[in-house]
Structure formats: C-alpha cells, structure tokens
file upload.txt (compact mmCIF, C-alpha atoms)
# COMPACT_ATOMS: atom_id res chain seq x y z
CA MET X 1 117.74 113.73 129.58
CA THR X 2 116.34 115.05 126.31
CA PHE X 3 116.67 113.63 122.84
CA GLN X 4 117.14 115.71 119.72
CA PRO X 5 116.20 114.46 116.26
CA LEU X 6 119.26 113.39 114.31
CA LYS X 7 120.27 115.87 111.66
CA SER X 8 119.11 115.09 108.15
CA PRO X 9 121.89 113.77 105.94
CA THR X 10 120.60 115.89 103.06
CA ALA X 11 118.40 118.95 102.76
CA SER X 12 115.53 116.85 101.42
CA GLY X 13 116.18 113.88 103.70
CA SER X 14 114.08 112.61 106.59
CA PRO X 15 115.01 113.27 110.22
CA GLY X 16 116.08 110.26 112.22
CA TYR X 17 115.57 109.58 115.91
CA ALA X 18 117.90 107.70 118.24
CA LEU X 19 116.25 106.17 121.31
CA PRO X 20 118.65 104.55 123.79
CA ALA X 21 118.03 102.20 126.71
CA VAL X 22 115.40 99.96 125.07
CA ARG X 23 115.95 96.20 124.80
CA MET X 24 113.94 93.59 122.92
CA ARG X 25 113.58 90.56 125.20
CA GLY X 26 111.47 88.10 123.25
CA VAL X 27 108.98 87.52 120.44
CA VAL X 28 106.25 84.92 119.94
CA SER X 29 104.21 84.44 116.74
CA VAL X 30 101.03 82.41 116.39
CA THR X 31 99.48 81.12 113.15
CA PRO X 32 95.87 79.90 112.95
CA GLU X 33 95.02 76.26 112.31
CA ARG X 34 93.74 76.40 108.70
CA ARG X 35 96.74 75.82 106.43
CA LEU X 36 96.02 76.44 102.75
CA THR X 37 98.30 75.31 99.95
CA ASN X 38 98.11 76.58 96.39
CA ALA X 39 96.28 73.40 95.41
CA ASP X 40 93.36 74.74 97.44
CA PHE X 41 93.00 77.62 94.93
CA VAL X 42 93.19 75.63 91.69
CA GLU X 43 89.45 74.86 91.55
CA ARG X 44 88.57 78.57 91.76
CA PHE X 45 91.26 80.09 89.53
CA GLY X 46 92.59 77.25 87.38
CA GLU X 47 96.14 75.89 87.33
CA ASP X 48 97.59 78.49 84.95
CA VAL X 49 96.50 81.48 87.03
CA VAL X 50 97.69 79.91 90.27
CA ARG X 51 101.07 79.15 88.67
CA ASP X 52 101.45 82.68 87.22
CA VAL X 53 100.48 84.44 90.45
CA THR X 54 102.70 82.16 92.51
CA LYS X 55 105.68 82.85 90.26
CA MET X 56 105.27 86.55 91.06
CA VAL X 57 104.14 86.74 94.70
CA GLY X 58 105.96 83.59 95.84
CA VAL X 59 103.41 82.30 98.35
CA GLU X 60 103.20 78.49 98.61
CA THR X 61 101.24 78.14 101.87
CA ARG X 62 99.39 80.53 104.17
CA TYR X 63 97.38 80.18 107.40
CA TRP X 64 93.82 81.51 107.71
CA VAL X 65 91.61 81.83 110.76
CA PRO X 66 88.54 79.61 111.07
CA PRO X 67 85.18 81.40 111.53
CA GLY X 68 84.98 83.22 114.85
CA GLN X 69 88.73 83.54 115.51
CA THR X 70 90.15 87.07 115.61
CA THR X 71 93.54 88.76 115.58
CA SER X 72 93.32 89.28 119.32
CA ASP X 73 92.68 85.56 119.89
CA LEU X 74 96.00 84.84 118.16
CA CYS X 75 97.79 87.69 119.95
CA LEU X 76 96.46 86.52 123.32
CA ILE X 77 98.03 83.08 122.86
CA ALA X 78 101.30 84.74 121.78
CA GLY X 79 101.22 87.12 124.75
CA GLU X 80 100.52 84.45 127.34
CA ARG X 81 103.36 82.30 126.01
CA LEU X 82 105.74 85.27 125.93
CA LEU X 83 105.01 86.35 129.52
CA LYS X 84 105.52 82.75 130.68
CA GLN X 85 108.80 82.30 128.79
CA LEU X 86 110.19 85.59 130.10
CA ASP X 87 108.80 84.99 133.58
CA TRP X 88 107.19 88.43 133.48
CA ALA X 89 104.41 88.88 136.04
CA PRO X 90 101.32 90.38 134.36
CA ASP X 91 101.36 93.32 136.77
CA SER X 92 104.92 94.23 135.69
CA VAL X 93 103.71 95.36 132.25
CA ASP X 94 103.28 99.14 132.00
CA ALA X 95 101.85 99.41 128.50
CA LEU X 96 100.12 97.26 125.87
CA ILE X 97 100.10 98.42 122.24
CA PHE X 98 97.89 96.54 119.76
CA VAL X 99 98.74 97.16 116.09
CA SER X 100 96.14 95.92 113.61
CA GLN X 101 93.64 96.86 110.93
CA THR X 102 91.39 93.96 111.90
CA PRO X 103 90.37 94.76 115.49
CA ASP X 104 87.67 92.75 117.29
CA GLN X 105 85.07 95.51 117.17
CA ARG X 106 84.72 99.21 116.33
CA LEU X 107 84.89 100.08 120.00
CA PRO X 108 86.33 99.69 122.55
CA ALA X 109 89.98 99.42 121.54
CA THR X 110 90.99 95.76 121.24
CA ALA X 111 94.02 96.55 123.45
CA CYS X 112 91.60 97.10 126.36
CA VAL X 113 90.01 93.68 125.77
CA LEU X 114 93.46 92.07 125.57
CA HIS X 115 94.48 93.89 128.75
CA SER X 116 91.69 92.12 130.60
CA ARG X 117 92.26 88.73 128.99
CA LEU X 118 95.97 88.87 129.89
CA GLY X 119 95.20 89.94 133.45
CA LEU X 120 97.33 93.08 133.27
CA ALA X 121 97.31 95.64 136.08
CA PRO X 122 95.07 98.73 136.31
CA HIS X 123 98.09 101.04 135.93
CA CYS X 124 98.91 99.52 132.53
CA GLN X 125 98.02 101.76 129.59
CA ALA X 126 96.52 100.04 126.54
CA PHE X 127 95.73 101.43 123.11
CA ASP X 128 95.32 100.46 119.44
CA VAL X 129 97.30 101.63 116.41
CA GLY X 130 95.53 101.27 113.05
CA LEU X 131 98.46 100.62 110.73
CA GLY X 132 99.33 97.59 108.59
CA CYS X 133 102.55 96.87 106.72
CA SER X 134 104.47 99.64 108.53
CA GLY X 135 102.71 98.99 111.84
CA TYR X 136 105.29 96.86 113.62
CA VAL X 137 107.99 99.52 113.22
CA TYR X 138 105.55 102.18 114.47
CA GLY X 139 104.81 99.88 117.41
CA LEU X 140 108.53 99.57 118.20
CA TRP X 141 108.83 103.35 117.92
CA LEU X 142 105.90 103.96 120.29
CA ALA X 143 107.12 101.32 122.75
CA SER X 144 110.58 102.93 122.72
CA THR X 145 109.19 106.41 123.28
CA LEU X 146 107.06 105.12 126.17
CA ILE X 147 110.14 103.52 127.71
CA THR X 148 112.09 106.76 127.20
CA ALA X 149 109.23 108.52 129.00
CA GLY X 150 109.49 106.17 131.99
CA CYS X 151 107.67 102.89 131.33
CA ALA X 152 109.75 99.84 132.29
CA ARG X 153 108.05 97.07 130.31
CA VAL X 154 105.93 97.25 127.15
CA LEU X 155 104.07 94.51 125.31
CA LEU X 156 103.71 95.12 121.57
CA MET X 157 101.08 92.99 119.85
CA ALA X 158 100.78 93.06 116.09
CA GLY X 159 98.64 90.91 113.85
CA GLU X 160 96.07 90.69 111.11
CA THR X 161 93.31 88.51 109.73
CA SER X 162 93.50 89.81 106.16
CA SER X 163 91.82 86.60 104.95
CA LEU X 164 88.55 88.18 106.13
CA LEU X 165 89.08 91.29 103.96
CA ILE X 166 90.01 89.77 100.63
CA ASP X 167 87.67 89.14 97.71
CA PRO X 168 87.90 85.35 97.28
CA ASP X 169 87.55 85.80 93.50
CA GLU X 170 90.34 88.40 93.14
CA ARG X 171 93.45 86.42 92.20
CA GLY X 172 95.90 89.26 92.96
CA THR X 173 95.01 89.31 96.66
CA ALA X 174 93.33 85.94 97.38
CA LEU X 175 96.62 84.02 97.06
CA LEU X 176 98.81 86.66 98.68
CA PHE X 177 97.61 87.20 102.23
CA GLY X 178 97.90 85.15 105.40
CA ASP X 179 96.82 85.63 109.02
CA ALA X 180 98.99 85.73 112.16
CA GLY X 181 99.19 87.26 115.63
CA THR X 182 102.39 88.20 117.46
CA ALA X 183 103.66 89.54 120.77
CA THR X 184 106.97 91.30 121.43
CA ALA X 185 108.44 92.21 124.82
CA LEU X 186 110.45 95.43 125.19
CA GLU X 187 112.12 96.55 128.37
CA ARG X 188 114.13 99.45 129.73
CA ASP X 189 117.84 98.58 129.89
CA ASP X 190 120.25 101.43 130.44
CA ALA X 191 123.05 99.40 128.83
CA ALA X 192 121.19 99.11 125.51
CA PRO X 193 122.60 101.24 122.67
CA ALA X 194 120.27 103.55 120.77
CA THR X 195 117.82 102.24 118.19
CA THR X 196 117.67 104.53 115.14
CA PHE X 197 114.24 105.25 113.66
CA VAL X 198 113.14 106.90 110.41
CA LEU X 199 109.38 107.17 109.74
CA GLY X 200 107.22 108.69 107.04
CA THR X 201 103.85 108.97 105.32
CA ASP X 202 102.36 109.75 101.90
CA GLY X 203 98.59 109.81 102.27
CA GLY X 204 98.27 110.54 98.55
CA GLY X 205 98.52 106.78 98.09
CA ALA X 206 95.63 105.96 100.45
CA GLY X 207 93.30 104.89 97.65
CA ASN X 208 95.72 102.35 96.17
CA LEU X 209 95.44 99.91 99.09
CA ILE X 210 92.10 100.29 100.81
CA VAL X 211 88.93 98.71 102.19
CA PRO X 212 86.55 101.62 101.50
CA ALA X 213 83.45 100.50 103.43
CA GLY X 214 82.91 99.68 107.09
CA GLY X 215 84.16 102.97 108.56
CA PHE X 216 82.03 106.06 108.91
CA ARG X 217 82.61 107.61 105.46
CA GLU X 218 80.80 104.65 103.93
CA PRO X 219 79.47 102.45 106.77
CA VAL X 220 77.78 100.05 104.33
CA GLN X 221 78.12 99.93 100.55
CA ASP X 222 77.05 103.23 98.98
CA PRO X 223 74.11 102.42 96.63
CA ARG X 224 75.53 104.90 94.07
CA ARG X 225 78.51 102.61 93.53
CA THR X 226 78.56 100.82 90.22
CA GLY X 227 80.71 97.98 88.99
CA PRO X 228 81.55 94.61 90.42
CA PHE X 229 83.93 95.78 93.19
CA ASN X 230 82.59 95.18 96.69
CA PRO X 231 83.88 98.05 98.89
CA GLU X 232 83.92 95.82 101.95
CA HIS X 233 86.78 93.95 100.31
CA LEU X 234 90.43 94.92 99.98
CA PHE X 235 91.29 96.88 96.84
CA MET X 236 94.95 96.87 95.77
CA ASP X 237 96.51 98.62 92.77
CA GLY X 238 99.56 96.39 92.56
CA GLY X 239 101.45 98.51 90.02
CA GLU X 240 101.04 101.74 91.98
CA VAL X 241 101.99 100.09 95.28
CA PHE X 242 105.06 98.51 93.70
CA ALA X 243 106.17 101.82 92.20
CA PHE X 244 105.74 103.48 95.61
CA THR X 245 107.82 100.76 97.23
CA LEU X 246 110.69 101.19 94.77
CA ARG X 247 110.61 104.95 95.39
CA ALA X 248 110.39 104.83 99.17
CA VAL X 249 112.15 101.76 100.54
CA PRO X 250 115.73 102.01 99.19
CA ARG X 251 115.79 105.65 100.31
CA LEU X 252 114.35 104.75 103.71
CA VAL X 253 117.03 102.11 104.26
CA ALA X 254 119.82 104.42 103.08
CA GLU X 255 118.66 107.26 105.35
CA THR X 256 118.35 104.97 108.36
CA LEU X 257 121.86 103.56 107.87
CA ALA X 258 123.24 107.10 107.33
CA HIS X 259 121.69 108.38 110.56
CA ALA X 260 123.12 105.40 112.44
CA GLY X 261 126.53 105.67 110.73
CA CYS X 262 126.24 102.05 109.71
CA ALA X 263 127.28 100.36 106.44
CA VAL X 264 125.13 97.85 104.57
CA ASP X 265 127.55 94.99 105.31
CA GLU X 266 127.48 95.71 109.07
CA VAL X 267 123.80 94.73 109.24
CA ASP X 268 123.18 91.08 110.13
CA ALA X 269 119.68 91.00 108.67
CA PHE X 270 117.44 93.32 106.69
CA VAL X 271 114.06 92.33 108.07
CA LEU X 272 111.78 93.63 105.33
CA HIS X 273 108.00 93.55 105.26
CA GLN X 274 107.13 90.38 103.33
CA ALA X 275 104.95 92.06 100.72
CA ASN X 276 105.58 89.89 97.67
CA ARG X 277 108.63 87.79 96.78
CA PHE X 278 109.27 89.48 93.45
CA MET X 279 109.22 92.88 95.13
CA LEU X 280 111.50 91.68 97.94
CA THR X 281 114.07 90.25 95.55
CA HIS X 282 114.15 93.51 93.66
CA LEU X 283 114.40 95.61 96.83
CA PHE X 284 117.23 93.50 98.27
CA LYS X 285 119.13 93.99 95.01
CA LYS X 286 118.65 97.76 95.17
CA ILE X 287 119.67 97.88 98.84
CA GLY X 288 122.76 95.80 98.06
CA ALA X 289 121.96 93.11 100.64
CA LYS X 290 123.64 89.71 100.32
CA PRO X 291 121.43 86.59 100.43
CA GLU X 292 122.48 85.83 104.01
CA GLN X 293 121.31 89.32 105.05
CA ALA X 294 118.00 88.95 103.24
CA PRO X 295 115.55 86.54 104.92
CA ILE X 296 112.35 85.63 103.05
CA ASN X 297 109.53 83.54 104.51
CA ILE X 298 106.58 84.73 102.42
CA ASP X 299 106.57 81.31 100.73
CA ARG X 300 105.37 79.71 103.98
CA PHE X 301 103.12 82.40 105.51
CA GLY X 302 102.02 84.81 102.77
CA ASN X 303 101.80 88.53 103.45
CA THR X 304 100.60 88.83 107.05
CA SER X 305 100.63 92.64 107.09
CA SER X 306 101.78 93.99 110.50
CA ALA X 307 102.89 90.49 111.56
CA THR X 308 105.49 89.85 108.83
CA LEU X 309 108.46 91.34 110.72
CA PRO X 310 107.95 89.53 114.06
CA LEU X 311 107.13 86.36 112.11
CA LEU X 312 110.56 86.58 110.47
CA LEU X 313 112.16 87.08 113.89
CA THR X 314 110.52 83.89 115.22
CA THR X 315 111.20 81.71 112.16
CA ASP X 316 114.18 82.26 109.85
CA LEU X 317 116.02 84.46 112.38
CA ALA X 318 115.01 82.69 115.61
CA GLU X 319 118.18 80.66 116.09
CA ARG X 320 120.42 83.61 115.23
CA LEU X 321 118.61 85.99 117.57
CA THR X 322 118.50 83.64 120.55
CA THR X 323 122.16 82.64 120.41
CA ALA X 324 124.20 85.78 119.64
CA PRO X 325 123.96 89.57 119.53
CA ALA X 326 122.70 90.94 116.22
CA LYS X 327 122.27 94.21 114.40
CA ILE X 328 118.94 94.12 112.55
CA ALA X 329 117.21 96.60 110.28
CA LEU X 330 113.41 96.29 110.57
CA VAL X 331 111.69 97.88 107.57
CA GLY X 332 107.91 98.21 107.15
CA PHE X 333 106.14 99.87 104.20
CA GLY X 334 102.77 99.85 102.48
CA VAL X 335 99.15 100.68 103.24
CA GLY X 336 98.74 104.39 103.93
CA TYR X 337 101.17 104.90 102.31
CA SER X 338 103.13 104.62 105.52
CA TRP X 339 106.68 103.48 106.14
CA GLY X 340 109.22 103.13 108.92
CA ALA X 341 112.61 101.60 109.67
CA ALA X 342 114.35 100.74 112.93
CA LEU X 343 118.03 99.81 113.17
CA MET X 344 118.36 97.88 116.40
CA GLN X 345 121.13 96.08 118.27
CA THR X 346 119.82 92.98 120.02
CA GLU X 347 121.30 90.84 122.76
CA PRO X 348 120.33 87.13 122.65
CA LEU X 349 116.54 86.97 123.02
CA ALA X 350 115.15 84.84 125.85
CA CYS X 351 112.49 83.59 123.47
CA ALA X 352 111.78 83.61 119.71
CA GLU X 353 109.09 81.04 118.99
CA THR X 354 106.37 80.31 116.47
CA LEU X 355 103.28 78.44 117.66
CA TYR X 356 101.27 76.62 114.98
CA LEU X 357 97.71 76.07 116.25
CA MET S 1 119.57 91.26 72.02
CA ASP S 2 119.59 93.89 74.78
CA GLU S 3 118.53 93.27 78.37
CA PHE S 4 115.33 95.33 78.07
CA THR S 5 114.09 93.44 75.01
CA SER S 6 114.87 90.01 76.42
CA GLY S 7 113.25 91.07 79.72
CA LEU S 8 110.05 92.04 77.91
CA ALA S 9 110.10 88.77 75.98
CA GLU S 10 110.34 86.86 79.26
CA ILE S 11 107.47 88.83 80.81
CA PHE S 12 105.16 88.26 77.83
CA GLU S 13 106.39 84.68 77.31
CA VAL S 14 107.31 85.21 73.66
CA ASP S 15 110.52 84.92 71.65
CA ASP S 16 112.92 87.92 71.74
CA SER S 17 112.40 88.41 68.00
CA GLU S 18 108.68 89.11 68.52
CA ILE S 19 109.36 92.23 70.62
CA SER S 20 109.05 95.28 68.35
CA PRO S 21 107.87 98.88 68.87
CA ASP S 22 104.42 97.85 67.61
CA PHE S 23 104.16 94.80 69.89
CA ASP S 24 100.56 94.81 71.15
CA LEU S 25 100.34 94.56 74.96
CA GLU S 26 96.60 93.96 75.28
CA SER S 27 96.76 90.72 73.31
CA HIS S 28 99.61 89.44 75.52
CA ASN S 29 98.03 89.34 78.99
CA TRP S 30 98.78 92.98 79.97
CA ASP S 31 97.68 92.53 83.59
CA SER S 32 98.88 93.78 86.97
CA LEU S 33 101.56 91.09 87.19
CA ALA S 34 102.99 92.13 83.81
CA ILE S 35 102.83 95.82 84.81
CA VAL S 36 104.73 95.19 88.04
CA SER S 37 107.31 93.17 86.11
CA VAL S 38 107.84 95.99 83.60
CA ILE S 39 108.24 98.55 86.40
CA ALA S 40 111.00 96.37 87.86
CA LEU S 41 112.59 95.79 84.45
CA VAL S 42 112.74 99.51 83.62
CA ASP S 43 114.16 100.22 87.07
CA SER S 44 116.87 97.56 86.56
CA CYS S 45 117.75 98.52 82.98
CA PHE S 46 117.48 102.31 83.10
CA GLY S 47 117.26 103.28 86.78
CA LYS S 48 113.90 104.94 86.18
CA LEU S 49 110.57 104.61 87.98
CA LEU S 50 107.42 104.40 85.88
CA ASN S 51 104.05 105.58 87.11
CA GLY S 52 101.79 102.52 87.51
CA LYS S 53 98.64 104.10 86.11
CA ALA S 54 100.44 105.65 83.12
CA LEU S 55 102.10 102.32 82.40
CA ALA S 56 98.76 100.49 82.56
CA ALA S 57 97.48 102.89 79.86
CA CYS S 58 100.27 101.91 77.44
CA ARG S 59 99.17 99.92 74.39
CA THR S 60 102.48 99.06 72.70
CA VAL S 61 106.16 98.64 73.49
CA SER S 62 106.85 102.04 71.91
CA ASP S 63 104.40 103.58 74.43
CA ILE S 64 106.48 102.02 77.23
CA GLN S 65 109.67 103.40 75.68
CA ALA S 66 108.16 106.89 75.42
CA LEU S 67 107.01 106.74 79.04
CA THR S 68 110.47 105.56 80.12
CA ASN S 69 112.16 108.44 78.29
CA GLN S 70 110.14 111.01 80.24
CA ALA S 71 110.24 109.18 83.62
CA GLU S 72 112.09 110.43 86.68
CA ALA S 73 115.34 108.82 87.72
CA ALA S 74 114.97 106.31 90.54
call {"tool": "encode", "arguments": {"input": "upload.txt", "output": "structure tokens"}}
result
Amino acid sequence: MTFQPLKSPTASGSPGYALPAVRMRGVVSVTPERRLTNADFVERFGEDVVRDVTKMVGVETRYWVPPGQTTSDLCLIAGERLLKQLDWAPDSVDALIFVSQTPDQRLPATACVLHSRLGLAPHCQAFDVGLGCSGYVYGLWLASTLITAGCARVLLMAGETSSLLIDPDERGTALLFGDAGTATALERDDAAPATTFVLGTDGGGAGNLIVPAGGFREPVQDPRRTGPFNPEHLFMDGGEVFAFTLRAVPRLVAETLAHAGCAVDEVDAFVLHQANRFMLTHLFKKIGAKPEQAPINIDRFGNTSSATLPLLLTTDLAERLTTAPAKIALVGFGVGYSWGAALMQTEPLACAETLYL
Amino acid sequence: MDEFTSGLAEIFEVDDSEISPDFDLESHNWDSLAIVSVIALVDSCFGKLLNGKALAACRTVSDIQALTNQAEAA
C-alpha cells in the first residue's frame, strides 16, 4: 500500500497527508512538585507588572522542576504509568520518540537513556526530535509514519523544563512558562480512519524565539556580545511571534480541515498549543470555534511548550476522550518557526491521566 | 467612538477622548504587551496583519494608522 500526499486545495496551499490505521490508546502527563502562583512573582516584579502580564498571558499557576530534575525524569514517570495502565509489556514497544528542547545532555540522545530506564527491548528504535511548540504534532506524524512503515506500537514522549531557560528578571517570559513531561501510546489498528496532517516551517523567524548559546555556534557566551541579554536565556520577540501566529495558524487549521473534508462544527475540540491566553482567544475567534470546542488550561499550567497538547488531553479533555469517540484537531505552532496540525478520530482512550508530583 | 479608537483607549488605559493622531505612545507604556494588543486590534478591526518590528518603531497613533494602511490583508 502506498500513500500519496493529498492534493493542495489551492495553488499556494500546503499539501496534506492522510495516514490510516493509527490509533491513540492513552496519554499520561506529569507535572513537577514546585507549584508557583503569581504571588510568588510579586516581590521581584511588583504587583502592577504581575497584574498586567497576567491579564495578557493568562497564567495563574505553573509547575517548575526542583534542581536536578529533568524532562526525562518527568517523562519516565508518565511512561511507566502509561505502560501499566495499558498493560503493554515493555518489549512490545517498537519505537520511542522523545520530543524536547531540554534534553538531559548533549549526547547521547535522551531517548536512548529513557529506553534503558523503561526497560524497552533491543529491537526498539529510540531517537530525539528537537522541536518545541509544534513538537507534539511532529511526534504524532513521525509515530504514524513509523506505524505505516510497519511498527506496531510507538511511545511518544514530549516535555520541557523551560523554567531552566528563562531569565528570572524578564517579565514577559518568567511568568509565562511551565514544566511538564508526557507520554502518549500509539498503536497500529487497521480499523482506524486516516489522520490528516499538515506541516510547515519558516526558519526566517528563528531569531525571534531562541536560546542563542549552548550549541556549537556559540558554546558559551561570545565575549563580543554587548548589552544586558544573557544568550544562555530564552529570547522572545512577543510581537513578531504573535504576528506570525495570526498569519500561520488560521490558515493551517483551514487547510487541514479542507484536506480532511471536515467543517469547523464537526470538530469536537480544537486542541491548540497553549501559547498565551490572549493569543488563544484571538485565534479561536478567527477559526470560528465555539467555547465548547476551545479548551484552555494555560491558567493552571502556563506554556509548557511541546507538552501543552497532551496536557490538554489529560486535563480538560480527559473525561470526554475516555468515554466517547471524538474528532480532535491538534495544532502546534511556534519556535522555529515551525507548525503542524493533525485531525484525528479517537476511540475512547484506555487512559488519560495527569499525575501531580 | 469607533471600535479602533476605543480599543486603543483600553490598551493604553486612557479615556477614548484622549486618543488622537498625535497621541504619544512612548509616554503610555508602549511595551511588548501593548504591541501584541494593537496587532490583535488591527486584525479584528481591519483584517490586516502588522509587522511587529515596524509597529514597535511607531511613535504616535498616526504612525500606527499609516502602517495599517500599507499592511497586507490577513
């Protein structure tokens, strides 16, 4: 069986891809034990700044890792719980994909370390994907292509410890981000209808959301740098990123629905990357989603980068997804710039849980 | 008062009557939150997307109006 890209709806439109026979079985999210409320930021920024930023980004609480805890520590707990709940033997997993921009070390791939810690079999492939806000959709895409190629069971782990990248004195980012680790189980099921994917990139926006130092272009801070910005911290040009989002996301959603032949009101939930509440409200309006199709949990968890979509599945959508079939549009967008959407039909999940450490 | 003017007044936390072409942005907390809010406002009112960096360089309301007039449709 071969799969052809779906024809573009317009000459300038993106191709879509329809991958059948892939079923989501369960999702587990894990948040670290340090819970910070906005009151914890008042001493540093003052009440007025905290109130103004909160009015815009909409974060009331977020969870941050304590010293020494990593994304993979959180994902490991999620993965162990998920395998247990699904009754999947570790040696039945054919592939492990770890999506994160905060891996444990520069090498080896964190997926290899997680492979060992989960006790997976030697035949199981394991690799990392270095994407953020769009990363979960890319992970679903890769898992689906692996299943199309012959894998039976894939574990997708996505998470971030952005709290370790932010400048604690930068109000625009310090209040926005949270940490979380997640695990999602995907399995071959010949009865599953196709999931429709649309993916894209605009690397011209790379500099607008970036941690410049710590790679090999600038391993430590370049002494020629001037100004107060520490390149080991996250830089975000909020205006540019917001303008990109307004350009890219409504089009992405429209193209994905067009490829799938699906109307806006046929979608049970638009699961959008929880970037910022103001942005989400505006995007939902442009998409034409009704409040009941438009879950928002950024108030409780902040922006957890690649973990925001699974975290929505295990919180606001958990009861819905474990009790009835659902048609969900998963939409990730941001750092890169990179974006992706997946329109997926789910059967009741065996497990959709959030563990609070 | 039109939607754009009252939207600007809300963003800068002033009375609608204070919004004029010469309204000075710098002295009214013209920060990234205000910029993002104006991008959304212009998108809602006129269906146009402003460039973030060009918007940040605006000094007055008339600068924003000029930028909006030459912006691409959303």
call {"tool": "residues_around", "arguments": {"input": "upload.txt", "residues": "segment 9-26 of chain S", "least_positions_apart": "5", "cutoff": "7 Å", "atoms": "only C-alpha atoms", "output": "list in words"}}
result
Ala34, Ser37, Arg59, Thr60, Val61 and Ser62 of chain S
call {"tool": "write_last_selection", "arguments": {"input": "upload.txt", "atoms": "C-alpha atoms", "output": "PDB file, in the coordinates of the input"}}
result
ATOM      1  CA  ALA S  34     102.990  92.130  83.810  1.00  0.00           C
ATOM      2  CA  SER S  37     107.310  93.170  86.110  1.00  0.00           C
ATOM      3  CA  ARG S  59      99.170  99.920  74.390  1.00  0.00           C
ATOM      4  CA  THR S  60     102.480  99.060  72.700  1.00  0.00           C
ATOM      5  CA  VAL S  61     106.160  98.640  73.490  1.00  0.00           C
ATOM      6  CA  SER S  62     106.850 102.040  71.910  1.00  0.00           C
TER       7      SER S  62
END
call {"tool": "closest_atom_pairs", "arguments": {"input": "upload.txt", "of": "chain S", "to": "chain X", "cutoff": "9 Å", "atoms": "only C-alpha atoms", "output": "CSV"}}
result
residue,atom,partner,partner_atom,distance
S:Ser32,CA,X:Gly239,CA,6.2
S:Leu33,CA,X:Met56,CA,7.0
S:Ile35,CA,X:Gly239,CA,6.0
S:Val36,CA,X:Gly239,CA,5.1
S:Ser37,CA,X:Phe278,CA,8.4
S:Ile39,CA,X:Ala243,CA,7.0
S:Ala40,CA,X:His282,CA,7.2
S:Asp43,CA,X:Leu246,CA,8.5
S:Ser44,CA,X:His282,CA,8.6
S:Leu49,CA,X:Ala243,CA,6.7
S:Leu50,CA,X:Ala243,CA,6.9
S:Asn51,CA,X:Ala243,CA,6.7
S:Gly52,CA,X:Glu240,CA,4.6
S:Lys53,CA,X:Glu240,CA,6.8
S:Leu55,CA,X:Gly239,CA,8.5
S:Ala56,CA,X:Gly239,CA,8.2
S:Ala74,CA,X:Arg247,CA,6.7
call {"tool": "residues_around", "arguments": {"input": "upload.txt", "residues": "Ala213 of chain X", "least_positions_apart": "4", "cutoff": "10 Å", "atoms": "only C-alpha atoms", "output": "ChimeraX atom specification"}}
result
/X:217-222,230-234
call {"tool": "residues_around", "arguments": {"input": "upload.txt", "residues": "Cys75 of chain X", "least_positions_apart": "5", "cutoff": "7 Å", "atoms": "all atoms listed in the file", "output": "ChimeraX atom specification"}}
result
/X:157,159,181-183
call {"tool": "atom_distance", "arguments": {"input": "upload.txt", "atom1": "atom CA of Cys133 of chain X", "atom2": "atom CA of Thr256 of chain X"}}
result
17.8 Å
call {"tool": "atom_distance", "arguments": {"input": "upload.txt", "atom1": "atom CA of Thr314 of chain X", "atom2": "atom CA of Cys351 of chain X"}}
result
8.5 Å
call {"tool": "residues_around", "arguments": {"input": "upload.txt", "residues": "Asp128 of chain X", "least_positions_apart": "2", "cutoff": "12 Å", "atoms": "only C-alpha atoms", "output": "JSON, numbers by chain"}}
result
{"X": [72, 95, 96, 97, 98, 99, 100, 101, 102, 103, 104, 105, 106, 107, 108, 109, 110, 111, 112, 113, 114, 115, 125, 126, 130, 131, 132, 135, 138, 139, 142, 156, 157, 158, 159]}
call {"tool": "atom_distance", "arguments": {"input": "upload.txt", "atom1": "atom CA of Ala275 of chain X", "atom2": "atom CA of Ala289 of chain X"}}
result
17.0 Å
call {"tool": "closest_residue", "arguments": {"input": "upload.txt", "among": "X:Arg320, X:Arg300, X:Lys327, X:Arg62", "to": "Ala174 of chain X", "atoms": "all atoms listed in the file"}}
result
X:Arg62
call {"tool": "closest_residue", "arguments": {"input": "upload.txt", "among": "S:Trp30, S:Cys58, S:Asp63, S:Ala71", "to": "Val42 of chain S", "atoms": "only C-alpha atoms"}}
result
S:Ala71
call {"tool": "residues_near_point", "arguments": {"input": "upload.txt", "point": "(107.1, 95.5, 103.5)", "cutoff": "8 Å", "atoms": "only C-alpha atoms", "output": "list in words"}}
result
Cys133, Ser134, Leu272, His273, Gln274, Ala275, Ser305, Thr308, Val331, Gly332, Phe333 and Gly334 of chain X
call {"tool": "residues_near_point", "arguments": {"input": "upload.txt", "point": "(98.1, 82.2, 100.5)", "cutoff": "10 Å", "atoms": "all atoms listed in the file", "output": "PyMOL selection string"}}
result
chain X and resi 35-38+40-41+54+57-64+163+173-179+298-304
call {"tool": "closest_residue", "arguments": {"input": "upload.txt", "among": "X:Pro20, X:Gly68, X:Pro122, X:Gly215", "to": "Asp94 of chain X", "atoms": "all atoms listed in the file"}}
result
X:Pro122
call {"tool": "closest_residue", "arguments": {"input": "upload.txt", "among": "X:Leu252, X:Leu186, X:Ala143, X:Val129", "to": "Thr346 of chain X", "atoms": "only C-alpha atoms"}}
result
X:Leu186
call {"tool": "decode", "arguments": {"input": "upload.txt", "residues": "segment 15-45 of chain S", "atoms": "C-alpha atoms", "output": "JSON list (two decimals), in the first residue's frame"}}
result
[["chain", "number", "residue", "atom", "x", "y", "z"],
["S", 15, "ASP", "CA", -10.26, 57.83, 28.08],
["S", 16, "ASP", "CA", -11.46, 57.49, 24.45],
["S", 17, "SER", "CA", -11.27, 61.28, 24.06],
["S", 18, "GLU", "CA", -7.50, 61.25, 24.68],
["S", 19, "ILE", "CA", -6.82, 59.14, 21.57],
["S", 20, "SER", "CA", -5.77, 61.48, 18.75],
["S", 21, "PRO", "CA", -3.38, 61.18, 15.78],
["S", 22, "ASP", "CA", -0.67, 62.84, 17.89],
["S", 23, "PHE", "CA", -1.18, 60.56, 20.90],
["S", 24, "ASP", "CA", 2.34, 59.75, 22.15],
["S", 25, "LEU", "CA", 2.92, 56.00, 22.55],
["S", 26, "GLU", "CA", 6.25, 56.14, 24.40],
["S", 27, "SER", "CA", 4.75, 58.01, 27.34],
["S", 28, "HIS", "CA", 1.94, 55.43, 27.63],
["S", 29, "ASN", "CA", 3.80, 52.20, 28.35],
["S", 30, "TRP", "CA", 4.46, 51.19, 24.70],
["S", 31, "ASP", "CA", 5.79, 47.73, 25.58],
["S", 32, "SER", "CA", 5.51, 44.26, 24.09],
["S", 33, "LEU", "CA", 2.12, 43.65, 25.71],
["S", 34, "ALA", "CA", 0.73, 46.84, 24.16],
["S", 35, "ILE", "CA", 2.25, 45.94, 20.78],
["S", 36, "VAL", "CA", 0.67, 42.48, 20.80],
["S", 37, "SER", "CA", -2.66, 44.04, 21.78],
["S", 38, "VAL", "CA", -2.51, 46.52, 18.88],
["S", 39, "ILE", "CA", -1.67, 43.74, 16.41],
["S", 40, "ALA", "CA", -4.80, 41.90, 17.55],
["S", 41, "LEU", "CA", -6.90, 45.07, 17.47],
["S", 42, "VAL", "CA", -5.87, 45.95, 13.91],
["S", 43, "ASP", "CA", -6.53, 42.36, 12.84],
["S", 44, "SER", "CA", -10.03, 42.47, 14.41],
["S", 45, "CYS", "CA", -10.96, 45.94, 13.11]]
